[in-house]
Amino acid sequence: MRGIFIGIAVLVLGAATVSADFSYTQTTRVTGGTLLNMTRFMPGAGQLREPTTQTIAVKGGKMVTYNADLAMIIDADAETMTQIDFKKKQYAVITFAEMKQAMQAMRAQLAQAQAQLAQAQAQQQAPPVNPLDAIKVSVNETGQSKVISGLNTKQFILTMEMGGAPAGAPPNTPSNKTTMDTWMAPTLPGYEEVTAFGVKMASKMSDMATPGMNPMAMFREDVAKSVNTMAKEMSKMTGIPVYQTMTMTGMQPAGPNVGDAAKGAAVDAAGQAAAGAALGKTRLGGLGGALGGFGRKKEEAKPADQAAPVTLQPVVLMEQVTELNSLSATVDASKFAVPTGFKQVEHEMKKLVKQ
């Protein structure tokens, strides 16, 4: 599904004529946050710490987007989209015409689901809720500039806040907040080939942008209005992302983190061992520990109603960096073909038409 939307997204690209080869690579790595720290205690989660790389290449009338696991090949001349799964050694193909049919089927299914939901809400006399009302998006062009990898870039900061602060949170602290600090270049050497491919795709898929096929029509009017408002704000970020830092923040109970708790437990254990040794525990077995208990007043447990109140504090859940690199005027032609021996399977979008 993700690969399909990559293909549709190129419809918004600009103008030129496809004539040369061009490729670039994006590398993403998680650099911090409490979620990253938690993976230390999760078997098999070590791969989350490894950088992921995605390459986008254009050659003639074809574009391919690929990483180590998946690839999406769009052939504007043959009017096909091909998804490749390298792990499963299989691929699926869908034509532009079949894609249009699938989008129409998706729209009809969503319209039916929305009608059923509206009927249920009417029976319950419950007003429809716009889930996007709680999301606020803002873009700030800071005016700062920087040269990154030889490219002149400008800084844009996009902030997305979801919901209000929960009980116990510091004042004016959102429950969830995502910030994207992005340095964008007006253009890239050779990127006009990507732009040109978008024009060719637009000429082939233009009817998908008509009112009858507009994805906005799949939503309620109030939801579509919220989406349009967000899109208008995000359109202020003009250019091509060269270096981007995404930070997700949230709330957690105040107290020591996992590392501090483990350190504190180790100190307590060392202290108990030292006290036991001083009382001759190693020679007298448990006697030293028993003798050590004489003369000490037993501590009484605190009543439940005296427990300390739980307070929340803002924390960084995840920090992720994405950077653009490896611009090249040559591409690997083999990336535009299905590897030998791979099995063809039915494309997921085709199943929508059959439902």
# chains A, B, ... in the order shown; residues from 1 in each chain; ligands from 1

$ residues_around --residues "segment 222-238 of chain A" --least-positions-apart "3" --cutoff "8 Å" --atoms "only C-alpha atoms" --output "list in words"
Asn130, Pro131, Leu132, Asp133, Lys136, Val137, Ser138, Val139, Glu141, Phe156, Leu158, Met184, Pro186, Met216, Ala217 and Phe219 of chain A

$ residues_around --residues "Thr53 of chain A" --least-positions-apart "3" --cutoff "10 Å" --atoms "only C-alpha atoms" --output "list of chain:residue names"
A:Thr25, A:Gln26, A:Thr27, A:Thr28, A:Arg29, A:Glu50, A:Tyr66, A:Asn67, A:Ala68, A:Thr322, A:Glu323, A:Leu324

$ closest_residue --among "A:Asp332, A:Glu348, A:Leu36, A:Ser326" --to "Gly190 of chain A" --atoms "only C-alpha atoms"
A:Ser326

$ residues_around --residues "Ala71 of chain A" --least-positions-apart "3" --cutoff "8 Å" --atoms "only C-alpha atoms" --output "CSV table (one decimal) with N, CA and C atoms, in the first residue's frame"
chain,number,residue,atom,x,y,z
A,3,GLY,N,3.8,1.6,-1.2
A,3,GLY,CA,4.4,1.9,-2.5
A,3,GLY,C,3.4,2.5,-3.5
A,64,VAL,N,12.1,4.1,-9.9
A,64,VAL,CA,12.1,3.0,-8.9
A,64,VAL,C,12.4,3.6,-7.5
A,65,THR,N,11.7,3.2,-6.5
A,65,THR,CA,12.0,3.5,-5.1
A,65,THR,C,12.3,2.2,-4.4
A,66,TYR,N,13.4,2.1,-3.8
A,66,TYR,CA,13.8,0.8,-3.2
A,66,TYR,C,14.6,0.9,-2.0
A,67,ASN,N,14.5,-0.2,-1.1
A,67,ASN,CA,15.4,-0.3,0.0
A,67,ASN,C,15.8,-1.8,0.0
A,83,GLN,N,5.3,-3.9,-7.6
A,83,GLN,CA,5.9,-4.0,-6.2
A,83,GLN,C,6.7,-5.3,-6.1
A,84,ILE,N,7.9,-5.2,-5.5
A,84,ILE,CA,8.8,-6.3,-5.3
A,84,ILE,C,9.1,-6.5,-3.8
A,85,ASP,N,8.9,-7.7,-3.4
A,85,ASP,CA,9.3,-8.1,-2.0
A,85,ASP,C,10.5,-9.0,-2.0
A,86,PHE,N,11.7,-8.4,-1.7
A,86,PHE,CA,12.9,-9.2,-1.8
A,86,PHE,C,13.0,-10.3,-0.8

$ atom_distance --atom1 "atom CA of Gly33 of chain A" --atom2 "atom CA of Gln320 of chain A"
9.0 Å

$ residues_around --residues "Met318 of chain A" --least-positions-apart "4" --cutoff "8 Å" --atoms "only C-alpha atoms" --output "PDB file with N, CA and C atoms, in the first residue's frame"
ATOM      1  N   VAL A  30      17.261   6.336  13.886  1.00  0.00           N
ATOM      2  CA  VAL A  30      16.691   6.756  15.162  1.00  0.00           C
ATOM      3  C   VAL A  30      17.857   7.105  16.084  1.00  0.00           C
ATOM      4  N   THR A  31      17.855   8.328  16.595  1.00  0.00           N
ATOM      5  CA  THR A  31      19.013   8.821  17.352  1.00  0.00           C
ATOM      6  C   THR A  31      18.768   8.924  18.851  1.00  0.00           C
ATOM      7  N   GLY A  32      17.539   8.752  19.322  1.00  0.00           N
ATOM      8  CA  GLY A  32      17.311   8.850  20.763  1.00  0.00           C
ATOM      9  C   GLY A  32      15.841   8.746  21.118  1.00  0.00           C
ATOM     10  N   GLY A  33      15.558   8.882  22.418  1.00  0.00           N
ATOM     11  CA  GLY A  33      14.192   8.820  22.904  1.00  0.00           C
ATOM     12  C   GLY A  33      13.956   7.621  23.801  1.00  0.00           C
ATOM     13  N   THR A  34      12.923   7.699  24.627  1.00  0.00           N
ATOM     14  CA  THR A  34      12.628   6.616  25.560  1.00  0.00           C
ATOM     15  C   THR A  34      12.245   5.326  24.844  1.00  0.00           C
ATOM     16  N   LEU A  35      11.595   5.425  23.678  1.00  0.00           N
ATOM     17  CA  LEU A  35      11.233   4.226  22.938  1.00  0.00           C
ATOM     18  C   LEU A  35      12.475   3.481  22.467  1.00  0.00           C
ATOM     19  N   LEU A  36      13.509   4.222  22.098  1.00  0.00           N
ATOM     20  CA  LEU A  36      14.758   3.591  21.689  1.00  0.00           C
ATOM     21  C   LEU A  36      15.413   2.904  22.879  1.00  0.00           C
ATOM     22  N   THR A 247      11.146  14.930  15.972  1.00  0.00           N
ATOM     23  CA  THR A 247      11.122  14.688  17.406  1.00  0.00           C
ATOM     24  C   THR A 247       9.691  14.490  17.864  1.00  0.00           C
ATOM     25  N   MET A 248       9.413  13.344  18.502  1.00  0.00           N
ATOM     26  CA  MET A 248       8.097  13.048  19.057  1.00  0.00           C
ATOM     27  C   MET A 248       8.176  13.138  20.574  1.00  0.00           C
ATOM     28  N   THR A 249       7.316  13.954  21.176  1.00  0.00           N
ATOM     29  CA  THR A 249       7.307  14.087  22.632  1.00  0.00           C
ATOM     30  C   THR A 249       5.962  13.621  23.171  1.00  0.00           C
TER      31      THR A 249
END

$ residues_around --residues "Gln252 of chain A" --least-positions-apart "5" --cutoff "9 Å" --atoms "only C-alpha atoms" --output "list in words"
Thr311, Leu312, Gln313, Pro314 and Val315 of chain A

$ atom_distance --atom1 "atom CA of Ala333 of chain A" --atom2 "atom CA of Ala196 of chain A"
18.8 Å

$ select_by_dssp --residues "segment 23-255 of chain A" --states "strand (DSSP E or B)" --output "VMD selection string"
chain A and resid 23 to 32 52 to 59 62 to 66 70 to 75 80 to 85 90 to 95 135 to 148 151 to 162 176 to 185 240 to 253

$ atom_distance --atom1 "atom CA of Thr142 of chain A" --atom2 "atom CA of Gln244 of chain A"
14.4 Å

$ residues_around --residues "segment 57-63 of chain A" --least-positions-apart "2" --cutoff "8 Å" --atoms "only C-alpha atoms" --output "count of residues only"
21
